[in-house]
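S.K.: My file is protein.cif. It has mmCIF, C-alpha atoms and all ligand atoms:
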data_work
loop_
_atom_site.label_atom_id
_atom_site.label_comp_id
_atom_site.auth_asym_id
_atom_site.auth_seq_id
_atom_site.Cartn_x
_atom_site.Cartn_y
_atom_site.Cartn_z
CA MET A 1263 7.67 -18.59 -4.48
CA LEU A 1264 4.43 -16.80 -3.63
CA THR A 1265 5.52 -13.39 -4.76
CA GLY A 1266 2.12 -11.98 -5.57
CA LEU A 1267 2.82 -12.29 -9.23
CA ASP A 1268 -0.52 -13.44 -10.52
CA ILE A 1269 -1.17 -12.76 -14.16
CA GLU A 1270 -4.55 -11.74 -15.43
CA GLY A 1271 -6.67 -14.38 -17.10
CA THR A 1272 -9.71 -16.61 -17.07
CA THR A 1273 -8.08 -20.00 -17.61
CA LEU A 1274 -9.19 -23.11 -15.75
CA LEU A 1275 -6.57 -22.51 -13.06
CA HIS A 1276 -7.65 -18.89 -12.67
CA ARG A 1277 -11.22 -20.01 -12.11
CA THR A 1278 -10.30 -22.74 -9.63
CA SER A 1279 -10.65 -21.59 -6.02
CA ALA A 1280 -7.45 -20.69 -4.20
CA ARG A 1281 -8.26 -23.18 -1.47
CA LEU A 1282 -8.61 -26.11 -3.87
CA LYS A 1283 -5.37 -25.19 -5.62
CA LEU A 1284 -3.46 -24.97 -2.36
CA ILE A 1285 -4.90 -28.23 -1.03
CA VAL A 1286 -4.05 -30.06 -4.27
CA LEU A 1287 -0.58 -28.51 -4.28
CA PHE A 1288 0.13 -29.77 -0.76
CA ALA A 1289 -1.40 -33.18 -1.46
CA VAL A 1290 0.68 -33.60 -4.61
CA ALA A 1291 3.79 -32.45 -2.76
CA ALA A 1292 3.27 -35.16 -0.16
CA GLY A 1293 2.28 -37.77 -2.74
CA LEU A 1294 5.31 -37.13 -4.96
CA PHE A 1295 7.65 -38.41 -2.29
CA ALA A 1296 5.90 -41.77 -2.37
CA VAL A 1297 6.70 -42.13 -6.07
CA SER A 1298 10.17 -43.22 -7.16
CA ASN A 1299 9.51 -44.51 -10.66
CA VAL A 1300 11.42 -42.08 -12.87
CA TRP A 1301 9.13 -42.47 -15.89
CA LEU A 1302 6.10 -41.69 -13.78
CA LEU A 1303 7.86 -38.62 -12.37
CA VAL A 1304 8.76 -37.47 -15.88
CA ALA A 1305 5.09 -37.76 -16.82
CA PHE A 1306 4.13 -35.65 -13.78
CA ALA A 1307 6.69 -33.01 -14.67
CA ILE A 1308 5.30 -32.81 -18.20
CA ILE A 1309 1.76 -32.42 -16.86
CA ALA A 1310 2.94 -29.72 -14.42
CA ALA A 1311 4.73 -27.88 -17.20
CA GLY A 1312 1.57 -28.10 -19.30
CA LEU A 1313 -0.51 -26.64 -16.46
CA TYR A 1314 2.01 -23.86 -15.98
CA ALA A 1315 1.91 -23.05 -19.70
CA SER A 1316 -1.91 -23.16 -19.68
CA THR A 1317 -1.97 -20.07 -17.45
CA GLY A 1318 -1.16 -17.99 -20.52
CA ILE A 1319 2.02 -16.69 -18.97
CA GLY A 1320 4.23 -16.77 -22.05
CA LEU A 1321 7.44 -18.74 -22.37
CA ARG A 1322 9.97 -16.05 -21.51
CA GLU A 1323 8.21 -14.88 -18.33
CA ALA A 1324 7.45 -18.48 -17.36
CA PHE A 1325 11.12 -19.34 -17.51
CA ARG A 1326 12.26 -16.13 -15.82
CA ARG A 1327 10.16 -16.90 -12.77
CA VAL A 1328 11.38 -20.43 -12.13
CA ARG A 1329 14.92 -20.42 -13.46
CA PHE A 1330 16.55 -19.68 -10.14
CA VAL A 1331 14.70 -22.40 -8.25
CA LEU A 1332 15.11 -24.88 -11.09
CA PHE A 1333 18.81 -24.18 -11.10
CA THR A 1334 18.92 -24.99 -7.40
CA VAL A 1335 16.98 -28.19 -8.07
CA LEU A 1336 19.54 -29.07 -10.71
CA LEU A 1337 22.36 -28.65 -8.20
CA VAL A 1338 20.57 -30.88 -5.71
CA ALA A 1339 20.09 -33.49 -8.44
CA LEU A 1340 23.74 -33.24 -9.37
CA ALA A 1341 24.77 -33.86 -5.77
CA ASN A 1342 22.52 -36.91 -5.76
CA TYR A 1343 24.19 -38.19 -8.89
CA LEU A 1344 27.62 -37.80 -7.34
CA PHE A 1345 26.77 -39.38 -4.02
CA HIS A 1346 24.03 -41.83 -4.96
CA SER A 1347 22.99 -42.89 -8.43
CA LEU A 1348 21.73 -41.61 -11.73
CA SER A 1349 18.21 -42.89 -11.10
CA ASP A 1350 18.15 -41.18 -7.70
CA ALA A 1351 19.28 -37.95 -9.30
CA LEU A 1352 16.64 -38.12 -12.03
CA ALA A 1353 13.92 -38.87 -9.48
CA VAL A 1354 14.95 -35.83 -7.42
CA LEU A 1355 15.15 -33.66 -10.52
CA PHE A 1356 11.67 -34.50 -11.80
CA ARG A 1357 10.03 -34.69 -8.39
CA LEU A 1358 11.20 -31.24 -7.28
CA GLY A 1359 10.82 -29.89 -10.82
CA THR A 1360 7.16 -30.94 -10.80
CA LEU A 1361 6.64 -29.17 -7.50
CA VAL A 1362 8.30 -25.97 -8.64
CA LEU A 1363 6.23 -25.85 -11.81
CA LEU A 1364 2.97 -26.57 -9.99
CA ALA A 1365 3.68 -23.94 -7.35
CA ALA A 1366 4.52 -21.45 -10.10
CA ALA A 1367 1.24 -22.28 -11.84
CA VAL A 1368 -0.71 -21.69 -8.62
CA THR A 1369 1.18 -18.44 -8.00
CA ALA A 1370 0.49 -17.18 -11.50
CA THR A 1371 -3.24 -17.74 -11.17
CA THR A 1372 -4.02 -16.71 -7.59
CA THR A 1373 -4.40 -13.14 -6.39
CA VAL A 1374 -2.73 -11.88 -3.25
CA SER A 1375 -6.08 -11.23 -1.60
CA ALA A 1376 -7.17 -14.81 -2.28
CA PHE A 1377 -3.96 -16.04 -0.64
CA MET A 1378 -4.54 -13.75 2.32
CA ASP A 1379 -8.07 -15.07 2.75
CA GLU A 1380 -6.82 -18.65 2.78
CA ILE A 1381 -4.11 -17.83 5.30
CA ALA A 1382 -6.75 -16.25 7.52
CA VAL A 1383 -8.93 -19.36 7.28
CA LEU A 1384 -5.96 -21.61 8.01
CA LEU A 1385 -5.09 -19.61 11.13
CA ARG A 1386 -8.61 -19.43 12.48
CA PRO A 1387 -8.11 -22.33 14.94
CA LEU A 1388 -5.12 -20.49 16.43
CA GLU A 1389 -7.23 -17.37 16.64
CA ARG A 1390 -9.90 -19.28 18.57
CA LEU A 1391 -7.22 -20.25 21.04
CA GLY A 1392 -6.53 -16.55 21.44
CA LEU A 1393 -2.98 -16.86 20.12
CA LEU A 1394 -3.21 -14.32 17.30
CA ARG A 1395 -5.51 -12.34 15.05
CA ALA A 1396 -5.75 -14.24 11.78
CA ALA A 1397 -6.61 -11.10 9.82
CA ASP A 1398 -3.47 -9.39 11.13
CA VAL A 1399 -1.20 -12.21 10.03
CA SER A 1400 -2.71 -12.29 6.57
CA LEU A 1401 -2.38 -8.50 6.37
CA ALA A 1402 1.28 -8.89 7.31
CA VAL A 1403 1.74 -11.33 4.43
CA GLY A 1404 0.15 -8.82 2.08
CA LEU A 1405 2.47 -6.10 3.39
CA VAL A 1406 5.57 -8.20 2.83
CA LEU A 1407 4.56 -8.86 -0.77
CA ARG A 1408 3.72 -5.21 -1.27
CA PHE A 1409 6.85 -3.66 0.18
CA ALA A 1410 9.56 -6.22 -0.56
CA PRO A 1411 10.33 -4.72 -3.99
CA GLU A 1412 10.50 -1.27 -2.43
CA ILE A 1413 12.96 -2.33 0.23
CA LEU A 1414 15.10 -4.06 -2.37
CA ALA A 1415 15.06 -0.94 -4.54
CA ARG A 1416 16.04 1.17 -1.56
CA TYR A 1417 18.88 -1.22 -0.76
CA GLY A 1418 20.14 -0.59 -4.29
CA ASP A 1419 19.80 3.18 -3.85
CA ILE A 1420 21.80 3.21 -0.65
CA ARG A 1421 24.58 1.16 -2.20
CA GLU A 1422 24.57 3.53 -5.14
CA ALA A 1423 24.81 6.51 -2.78
CA HIS A 1424 27.80 4.92 -1.08
CA ARG A 1425 29.55 4.37 -4.39
CA ALA A 1426 28.76 7.92 -5.55
CA ARG A 1427 30.58 9.20 -2.48
CA GLY A 1428 33.48 6.90 -3.16
CA LEU A 1429 32.73 4.73 -0.15
CA ARG A 1430 32.92 0.99 -0.21
CA ALA A 1431 29.42 -0.33 0.37
CA ARG A 1432 30.06 -2.48 3.41
CA PRO A 1433 27.06 -4.57 4.53
CA LEU A 1434 26.63 -2.75 7.84
CA GLY A 1435 26.98 0.67 6.26
CA VAL A 1436 24.15 -0.17 3.93
CA LEU A 1437 22.01 -2.05 6.42
CA VAL A 1438 21.83 0.65 9.08
CA PRO A 1439 20.34 3.39 6.89
CA LEU A 1440 18.14 0.77 5.27
CA VAL A 1441 16.66 -0.30 8.61
CA ILE A 1442 16.21 3.31 9.75
CA LEU A 1443 14.47 4.39 6.56
CA THR A 1444 12.30 1.28 6.59
CA LEU A 1445 11.25 1.83 10.19
CA LYS A 1446 10.37 5.43 9.41
CA ASP A 1447 8.14 4.22 6.61
CA ALA A 1448 6.67 1.53 8.83
CA ASP A 1449 5.29 4.30 11.00
CA THR A 1450 3.44 5.90 8.11
CA ILE A 1451 2.31 2.55 6.82
CA ALA A 1452 0.88 1.64 10.21
CA MET A 1453 -0.91 4.97 10.26
CA ALA A 1454 -2.27 4.38 6.77
CA ILE A 1455 -3.63 1.00 7.83
CA ASP A 1456 -5.58 2.82 10.53
CA ALA A 1457 -6.60 5.67 8.24
CA ARG A 1458 -8.05 3.30 5.68
CA GLY A 1459 -9.87 1.22 8.26
CA PHE A 1460 -8.10 -2.01 7.29
CA ARG A 1461 -8.27 -3.41 10.79
CA ARG A 1462 -11.92 -2.72 11.48
CA GLN A 1463 -13.92 -5.69 12.63
CA MET B 388 -19.68 18.16 7.08
CA GLU B 389 -18.90 20.29 10.11
CA ILE B 390 -15.49 19.82 11.67
CA VAL B 391 -15.11 21.47 15.06
CA PHE B 392 -11.86 22.08 16.92
CA SER B 393 -12.42 23.05 20.56
CA ASP B 394 -9.24 24.21 22.26
CA ALA B 395 -7.43 21.36 20.54
CA SER B 396 -3.65 21.25 20.88
CA VAL B 397 -0.97 18.67 20.12
CA SER B 398 2.36 18.04 21.83
CA PHE B 399 4.86 15.37 20.92
CA ALA B 400 6.97 14.31 23.88
CA GLY B 401 6.35 17.61 25.63
CA ARG B 402 7.10 19.77 22.56
CA THR B 403 4.09 21.67 21.30
CA ALA B 404 3.48 21.08 17.61
CA LEU B 405 0.11 22.80 17.60
CA HIS B 406 -1.02 25.40 20.12
CA PRO B 407 -4.66 25.27 21.34
CA LEU B 408 -7.05 26.40 18.67
CA SER B 409 -10.81 26.59 18.23
CA LEU B 410 -12.49 26.82 14.87
CA THR B 411 -15.21 25.30 12.76
CA LEU B 412 -14.67 24.10 9.19
CA PHE B 413 -17.66 23.60 6.92
CA GLU B 414 -16.65 25.13 3.56
CA ARG B 415 -16.38 22.92 0.47
CA ARG B 416 -12.78 23.86 -0.33
CA ILE B 417 -10.35 24.61 2.43
CA GLY B 418 -6.64 25.20 1.90
CA ILE B 419 -3.86 24.87 4.46
CA ILE B 420 -0.54 26.65 3.91
CA GLY B 421 2.56 27.43 5.92
CA LEU B 422 6.29 26.82 6.10
CA ASN B 423 7.74 23.36 6.64
CA GLY B 424 7.22 22.23 10.22
CA SER B 425 4.53 24.83 10.92
CA GLY B 426 1.98 22.22 12.00
CA LYS B 427 -0.08 21.69 8.82
CA THR B 428 0.10 17.91 8.78
CA THR B 429 -0.50 17.66 12.51
CA PHE B 430 -3.59 19.85 12.17
CA ALA B 431 -4.93 17.79 9.28
CA ARG B 432 -4.33 14.49 11.07
CA LEU B 433 -6.39 15.70 14.00
CA ILE B 434 -9.43 15.72 11.73
CA ASN B 435 -9.62 11.96 11.31
CA GLY B 436 -8.05 11.05 14.63
CA LEU B 437 -4.70 9.88 13.25
CA VAL B 438 -3.26 12.31 15.76
CA ARG B 439 -5.11 12.67 19.05
CA PRO B 440 -5.46 16.08 20.64
CA THR B 441 -3.26 16.42 23.73
CA THR B 442 -5.81 18.88 25.09
CA GLY B 443 -9.29 19.80 23.90
CA ARG B 444 -11.31 17.86 21.37
CA VAL B 445 -12.07 17.54 17.69
CA THR B 446 -15.38 16.40 16.23
CA ILE B 447 -16.40 15.63 12.69
CA GLY B 448 -20.11 15.68 11.97
CA GLY B 449 -20.64 15.54 15.71
CA LEU B 450 -18.46 12.43 16.19
CA ASP B 451 -15.55 12.77 18.59
CA THR B 452 -12.30 11.64 16.95
CA VAL B 453 -11.20 9.90 20.15
CA ALA B 454 -14.44 8.57 21.66
CA ASP B 455 -15.98 7.57 18.30
CA GLU B 456 -12.66 6.92 16.63
CA GLU B 457 -13.69 4.38 14.00
CA ALA B 458 -16.88 6.10 12.90
CA ALA B 459 -15.17 9.51 12.82
CA ARG B 460 -12.33 8.13 10.75
CA GLY B 461 -14.77 6.72 8.21
CA ARG B 462 -16.00 10.23 7.45
CA ALA B 463 -12.64 11.66 6.45
CA GLY B 464 -10.40 10.12 3.83
CA PHE B 465 -6.72 10.99 4.03
CA ILE B 466 -4.13 11.12 1.26
CA PHE B 467 -0.68 10.98 2.83
CA GLN B 468 2.23 13.07 1.70
CA ASN B 469 3.74 9.91 0.25
CA PRO B 470 0.69 8.02 -1.02
CA GLN B 471 2.81 5.00 -1.95
CA HIS B 472 2.83 4.19 1.74
CA GLN B 473 -0.90 4.01 2.05
CA MET B 474 -1.30 1.38 -0.62
CA ILE B 475 -1.01 -1.87 1.23
CA LEU B 476 -1.59 -4.64 -1.31
CA PRO B 477 0.68 -5.15 -4.32
CA VAL B 478 -1.93 -4.74 -7.05
CA LEU B 479 -4.14 -1.63 -7.32
CA ALA B 480 -7.54 -3.28 -7.78
CA GLU B 481 -6.82 -5.61 -4.87
CA ASP B 482 -5.75 -2.73 -2.68
CA ILE B 483 -8.96 -0.85 -3.42
CA ALA B 484 -11.10 -3.93 -2.84
CA PHE B 485 -9.33 -4.63 0.43
CA GLY B 486 -10.63 -1.36 1.87
CA LEU B 487 -14.18 -2.62 1.31
CA LYS B 488 -13.72 -5.81 3.30
CA ASN B 489 -15.51 -6.39 6.59
CA ARG B 490 -18.27 -4.03 5.54
CA GLY B 491 -20.88 -6.66 4.85
CA LEU B 492 -20.57 -6.40 1.06
CA SER B 493 -20.73 -9.37 -1.30
CA ALA B 494 -17.79 -10.17 -3.58
CA THR B 495 -19.81 -8.92 -6.57
CA GLU B 496 -20.58 -5.64 -4.85
CA ILE B 497 -16.92 -5.18 -3.92
CA ALA B 498 -15.83 -5.82 -7.51
CA GLY B 499 -18.52 -3.45 -8.79
CA ARG B 500 -17.52 -0.61 -6.50
CA THR B 501 -13.85 -1.10 -7.24
CA GLU B 502 -14.54 -0.91 -10.96
CA ALA B 503 -16.77 2.15 -10.48
CA VAL B 504 -14.21 4.12 -8.49
CA LEU B 505 -11.48 3.32 -11.03
CA GLN B 506 -13.81 4.66 -13.73
CA ARG B 507 -14.64 7.73 -11.69
CA PHE B 508 -11.00 8.77 -11.50
CA GLY B 509 -10.22 7.74 -15.06
CA ILE B 510 -7.83 4.92 -14.21
CA PRO B 511 -9.50 1.61 -15.12
CA HIS B 512 -6.36 0.77 -17.11
CA LEU B 513 -4.34 0.76 -13.89
CA ALA B 514 -6.50 -1.90 -12.20
CA ARG B 515 -4.00 -4.75 -12.48
CA ARG B 516 -0.85 -2.65 -12.19
CA ARG B 517 1.61 -3.11 -9.35
CA ILE B 518 1.58 -0.20 -6.93
CA HIS B 519 5.36 0.12 -6.82
CA GLU B 520 5.44 0.56 -10.58
CA LEU B 521 2.98 3.47 -10.72
CA SER B 522 4.26 6.94 -11.61
CA GLY B 523 3.81 9.91 -9.27
CA GLY B 524 0.60 11.13 -10.87
CA GLU B 525 -0.80 7.62 -11.18
CA THR B 526 -0.03 6.89 -7.53
CA GLN B 527 -1.82 10.04 -6.46
CA LEU B 528 -4.97 9.14 -8.45
CA ALA B 529 -4.78 5.54 -7.30
CA ALA B 530 -4.57 6.64 -3.66
CA ILE B 531 -7.52 8.99 -4.10
CA ALA B 532 -9.57 6.17 -5.66
CA SER B 533 -8.61 3.75 -2.89
CA VAL B 534 -9.76 6.21 -0.26
CA MET B 535 -12.92 7.48 -1.98
CA VAL B 536 -14.22 3.94 -2.58
CA THR B 537 -15.34 3.74 1.04
CA GLY B 538 -17.40 6.91 0.64
CA PRO B 539 -15.95 9.45 3.08
CA ASP B 540 -17.67 12.87 3.22
CA VAL B 541 -14.41 14.79 3.38
CA LEU B 542 -11.13 14.21 1.58
CA ILE B 543 -7.94 15.53 3.15
CA LEU B 544 -4.88 15.73 0.90
CA ASP B 545 -1.38 16.36 2.25
CA GLU B 546 0.67 18.17 -0.42
CA PRO B 547 -0.83 16.18 -3.29
CA THR B 548 0.98 18.00 -6.10
CA ASN B 549 4.34 18.27 -4.42
CA GLN B 550 6.47 15.86 -6.42
CA LEU B 551 4.58 16.07 -9.68
CA ASP B 552 5.56 17.42 -13.06
CA LEU B 553 3.45 20.21 -14.53
CA LYS B 554 1.15 17.93 -16.47
CA ASN B 555 0.35 15.69 -13.53
CA ARG B 556 -0.01 18.66 -11.26
CA ARG B 557 -2.74 20.02 -13.54
CA LEU B 558 -4.39 16.60 -13.58
CA ILE B 559 -4.50 16.37 -9.79
CA GLU B 560 -5.62 20.00 -9.47
CA LYS B 561 -8.50 19.25 -11.81
CA THR B 562 -9.37 16.03 -9.99
CA VAL B 563 -9.52 17.92 -6.69
CA ALA B 564 -11.52 20.77 -8.23
CA ASP B 565 -14.06 18.30 -9.65
CA LEU B 566 -14.64 16.41 -6.39
CA PRO B 567 -18.25 16.81 -5.29
CA GLU B 568 -17.08 16.02 -1.74
CA GLN B 569 -15.64 18.52 0.70
CA ALA B 570 -11.85 18.79 0.37
CA ILE B 571 -9.14 20.04 2.69
CA VAL B 572 -5.85 20.48 0.91
CA ILE B 573 -2.41 21.15 2.37
CA THR B 574 -0.31 22.68 -0.37
CA HIS B 575 2.64 24.79 -1.45
CA ASP B 576 0.99 25.11 -4.87
CA LEU B 577 -0.61 28.49 -4.21
CA GLY B 578 -2.31 28.66 -7.60
CA LEU B 579 -4.45 25.71 -6.55
CA LEU B 580 -6.07 27.90 -3.89
CA ASP B 581 -7.56 30.55 -6.22
CA SER B 582 -11.02 29.04 -6.21
CA PHE B 583 -10.96 27.95 -2.57
CA ASP B 584 -13.46 29.20 -0.02
CA ARG B 585 -11.12 29.53 2.92
CA VAL B 586 -7.40 29.25 3.60
CA LEU B 587 -5.73 28.57 6.94
CA LEU B 588 -2.14 29.72 7.38
CA PHE B 589 -0.05 28.05 10.06
CA HIS B 590 3.10 29.51 11.53
CA GLN B 591 5.13 27.93 14.32
CA GLY B 592 2.21 25.81 15.43
CA ARG B 593 -0.29 28.63 15.53
CA LEU B 594 -3.02 29.78 13.20
CA ALA B 595 -1.55 32.92 11.62
CA ALA B 596 -4.41 33.62 9.23
CA ASP B 597 -7.86 32.27 8.55
CA ALA B 598 -9.11 34.13 5.52
CA PRO B 599 -10.06 34.06 1.85
CA PRO B 600 -7.17 32.88 -0.37
CA GLU B 601 -5.74 36.28 -1.38
CA ASP B 602 -5.50 37.54 2.19
CA ALA B 603 -4.03 34.36 3.61
CA ILE B 604 -1.50 34.11 0.77
CA SER B 605 -0.31 37.70 1.14
CA ARG B 606 0.15 37.13 4.87
CA TYR B 607 2.09 33.96 3.99
CA ARG B 608 4.38 35.97 1.69
CA GLU B 609 5.11 38.38 4.56
CA ILE B 610 6.01 35.53 6.88
CA ALA B 611 8.19 33.83 4.28
CA ALA B 612 10.02 37.06 3.50
CA CYS B 613 11.48 37.60 6.98
N1 LIG C 1501 5.11 12.06 15.19
C1 LIG C 1501 5.81 13.14 15.59
N2 LIG C 1501 6.68 13.04 16.63
C2 LIG C 1501 7.40 14.10 17.04
N3 LIG C 1501 7.33 15.30 16.48
C3 LIG C 1501 6.48 15.49 15.45
C4 LIG C 1501 5.69 14.41 14.95
N4 LIG C 1501 4.96 14.88 13.92
C5 LIG C 1501 5.27 16.18 13.79
N5 LIG C 1501 6.19 16.55 14.71
C6 LIG C 1501 6.74 17.91 14.87
O1 LIG C 1501 5.67 18.82 14.90
C7 LIG C 1501 5.96 19.98 14.17
C8 LIG C 1501 4.92 20.20 13.09
O2 LIG C 1501 5.07 19.17 12.14
P1 LIG C 1501 4.10 18.99 10.91
O3 LIG C 1501 2.70 19.09 11.38
O4 LIG C 1501 4.50 17.74 10.22
O5 LIG C 1501 4.46 20.26 10.02
P2 LIG C 1501 4.17 20.55 8.48
O6 LIG C 1501 3.23 19.52 7.97
O7 LIG C 1501 3.60 21.93 8.47
O8 LIG C 1501 5.50 20.52 7.78
C9 LIG C 1501 7.36 19.81 13.64
O9 LIG C 1501 8.25 20.45 14.51
C10 LIG C 1501 7.57 18.33 13.68
O10 LIG C 1501 8.92 18.00 13.86
MG MG C 1502 3.50 18.17 6.42
#
Could I get this file's structure written as structure tokens?
M.R.:
Amino acid sequence: MLTGLDIEGTTLLHRTSARLKLIVLFAVAAGLFAVSNVWLLVAFAIIAAGLYASTGIGLREAFRRVRFVLFTVLLVALANYLFHSLSDALAVLFRLGTLVLLAAAVTATTTVSAFMDEIAVLLRPLERLGLLRAADVSLAVGLVLRFAPEILARYGDIREAHRARGLRARPLGVLVPLVILTLKDADTIAMAIDARGFRRQ
Amino acid sequence: MEIVFSDASVSFAGRTALHPLSLTLFERRIGIIGLNGSGKTTFARLINGLVRPTTGRVTIGGLDTVADEEAARGRAGFIFQNPQHQMILPVLAEDIAFGLKNRGLSATEIAGRTEAVLQRFGIPHLARRRIHELSGGETQLAAIASVMVTGPDVLILDEPTNQLDLKNRRLIEKTVADLPEQAIVITHDLGLLDSFDRVLLFHQGRLAADAPPEDAISRYREIAAC
């Protein structure tokens, strides 16, 4: 969900600190499972949708971002309807729907660096125990968000290249060059992290 | 800034990529030319310690690139051959700001410097753009901004105009020409070197010429011809 897709703005959610948003998100997530009244859950979903819309994201983009997850939620609800009851299914639908919309609202209004800072804070106790370097883990999260689209694009390129040569793009045939190319890049990326002093203390 | 190579050489797994060489660089505009695999990148990476000399030493402004690694590295900014790979955060302004972290600056100062460097290179409109969506010319400018924001004294560019169309090539050439900082440029774009003070030609891991542009380029043409 946290795909580094914040949109520019100065709305209330944009101005709220990343930490507060994340804490509220987790609190609400936990709290929602204590609620089973469908009408109450519907009200929550409406509020969540309102918050999501208040980010200024625009209807089309708003829908594009959550449609896949919402579709999954719908399937889960459907399964509940088949195996349990209609009220169970509706509760699941609006409970998870609320969560998805809230998470999308937080994502749309929080920058990647703010996320990384919060991750670093969260991991600080583990760092004190000497288990890891919090800054490194948060940098890794940033890297994943940065390079995921590139790796996906490359995956597409390699498949294309296979097809152009009349080869069937078998998973392994695509994966091997993908891993090799990615590792080659990883070398340069690691070097760039040093060159730009990202790991200085 | 004075960069001094003292008998510095580089081998990778026993294969010599750069034979021992001693020289001092202090000119404002220095070009590096040579065939593919001749050792240009290896030489340039020695300057900010990205590559360590196998023998000898390299200093920049008196700082040893191995013993004073971090401080030495701060003096020389490096633009990689593929600058996409040196942008680490998804959004340009965030990537630039990230380079200023852990330097004892306030959030306001970081935002101010980020804004200023985007202005300096004429790309404030790219601030919120995703790195992977930038065009070749935009990426090159973005990378330069992200490196210059930390205030290095020297900028090293590895084939900055290589993949660019004519218009963007001119833009980057002009950006490099206008830099008040010292610049060391690896390039196959020989026209770029006209106004340079000194050009180093590498051939098979050795310095084959160290001369004003015309002389180094004519020697390069001889080497390329045979
Ligand atoms: N990290 C490395 N590991 C092994 N060999 C390398 C490495 N980097 C460069 N080389 C080798 O060193 C030689 C010089 O490379 P390089 O400096 O990249 O040349 P240029 O930039 O002039 O094309 C080449 O033969 C290259 O294969
Ligand atoms: Mg090279």
S.K.: Taking (-0.8, 20.6, 21.0) in the file's own coordinates, collect the residues within 6 Å, counting only C-alpha atoms, and hand them back as a PyMOL selection string.
M.R.: chain B and resi 396-398+403-406+441
S.K.: Within 10 Å of ligand LIG 1501 (chain C) (counting only C-alpha atoms and all ligand atoms), which residues show up? I'd like them as a PyMOL selection string.
M.R.: (chain A and resi 1449-1450) or (chain B and resi 397-405+419-432+438+468+545-546+573-574+588-592)
S.K.: Mind dumping the selected residues with C-alpha atoms as a short mmCIF file (atom, residue, chain, number, x, y, z; two decimals), keeping the file's coordinate frame?
M.R.:
data_model
loop_
_atom_site.label_atom_id
_atom_site.label_comp_id
_atom_site.auth_asym_id
_atom_site.auth_seq_id
_atom_site.Cartn_x
_atom_site.Cartn_y
_atom_site.Cartn_z
CA ASP A 1449 5.29 4.30 11.00
CA THR A 1450 3.44 5.90 8.11
CA VAL B 397 -0.97 18.67 20.12
CA SER B 398 2.36 18.04 21.83
CA PHE B 399 4.86 15.37 20.92
CA ALA B 400 6.97 14.31 23.88
CA GLY B 401 6.35 17.61 25.63
CA ARG B 402 7.10 19.77 22.56
CA THR B 403 4.09 21.67 21.30
CA ALA B 404 3.48 21.08 17.61
CA LEU B 405 0.11 22.80 17.60
CA ILE B 419 -3.86 24.87 4.46
CA ILE B 420 -0.54 26.65 3.91
CA GLY B 421 2.56 27.43 5.92
CA LEU B 422 6.29 26.82 6.10
CA ASN B 423 7.74 23.36 6.64
CA GLY B 424 7.22 22.23 10.22
CA SER B 425 4.53 24.83 10.92
CA GLY B 426 1.98 22.22 12.00
CA LYS B 427 -0.08 21.69 8.82
CA THR B 428 0.10 17.91 8.78
CA THR B 429 -0.50 17.66 12.51
CA PHE B 430 -3.59 19.85 12.17
CA ALA B 431 -4.93 17.79 9.28
CA ARG B 432 -4.33 14.49 11.07
CA VAL B 438 -3.26 12.31 15.76
CA GLN B 468 2.23 13.07 1.70
CA ASP B 545 -1.38 16.36 2.25
CA GLU B 546 0.67 18.17 -0.42
CA ILE B 573 -2.41 21.15 2.37
CA THR B 574 -0.31 22.68 -0.37
CA LEU B 588 -2.14 29.72 7.38
CA PHE B 589 -0.05 28.05 10.06
CA HIS B 590 3.10 29.51 11.53
CA GLN B 591 5.13 27.93 14.32
CA GLY B 592 2.21 25.81 15.43
#
S.K.: B:Gly499, B:Pro539, B:Pro600, B:Pro407: which is nearest chain A, counting all atoms listed in the file?
M.R.: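 Closest candidate: B:Pro539.
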S.K.: Residues near A:Ile1413, anyone? I mean within 10 Å using all atoms listed in the file, not counting same-chain ones fewer than 5 positions away, as a compact mmCIF listing (two decimals) with C-alpha atoms, in the frame of the given file.
M.R.:
# COMPACT_ATOMS: atom_id res chain seq x y z
CA VAL A 1406 5.57 -8.20 2.83
CA ARG A 1408 3.72 -5.21 -1.27
CA GLY A 1418 20.14 -0.59 -4.29
CA ASP A 1419 19.80 3.18 -3.85
CA LEU A 1440 18.14 0.77 5.27
CA VAL A 1441 16.66 -0.30 8.61
CA LEU A 1443 14.47 4.39 6.56
CA THR A 1444 12.30 1.28 6.59
S.K.: Find the residues around stretch 1325-1341 of chain A up to 7 Å (all atoms listed in the file counted), leave out those fewer than 6 positions away in its own chain, and share them as a PyMOL selection string.
M.R.: chain A and resi 1351-1352+1354-1355+1358-1359
S.K.: What separation in Å, quoted to one decimal, exists between atom CA of B:Val586 and atom CA of B:Ala603?
M.R.: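 Distance between the two atoms: 6.1 Å.
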S.K.: Which one of B:Ile483, B:Ala503, B:Ile434, B:Val534 sits closest to chain A if you count all atoms listed in the file?
M.R.: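 Nearest to chain A: B:Val534.
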S.K.: Mind listing as a PyMOL selection string all residues within 10 Å of (5.4, 14.3, -9.0), counting only C-alpha atoms?
M.R.: chain B and resi 522-527+547-556
S.K.: Could you please take those selected residues and save C-alpha atoms as a compact mmCIF listing (two decimals), keeping the file's coordinate frame?
M.R.:
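In the end it all went to part-v6.txt:
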# COMPACT_ATOMS: atom_id res chain seq x y z
CA SER B 522 4.26 6.94 -11.61
CA GLY B 523 3.81 9.91 -9.27
CA GLY B 524 0.60 11.13 -10.87
CA GLU B 525 -0.80 7.62 -11.18
CA THR B 526 -0.03 6.89 -7.53
CA GLN B 527 -1.82 10.04 -6.46
CA PRO B 547 -0.83 16.18 -3.29
CA THR B 548 0.98 18.00 -6.10
CA ASN B 549 4.34 18.27 -4.42
CA GLN B 550 6.47 15.86 -6.42
CA LEU B 551 4.58 16.07 -9.68
CA ASP B 552 5.56 17.42 -13.06
CA LEU B 553 3.45 20.21 -14.53
CA LYS B 554 1.15 17.93 -16.47
CA ASN B 555 0.35 15.69 -13.53
CA ARG B 556 -0.01 18.66 -11.26
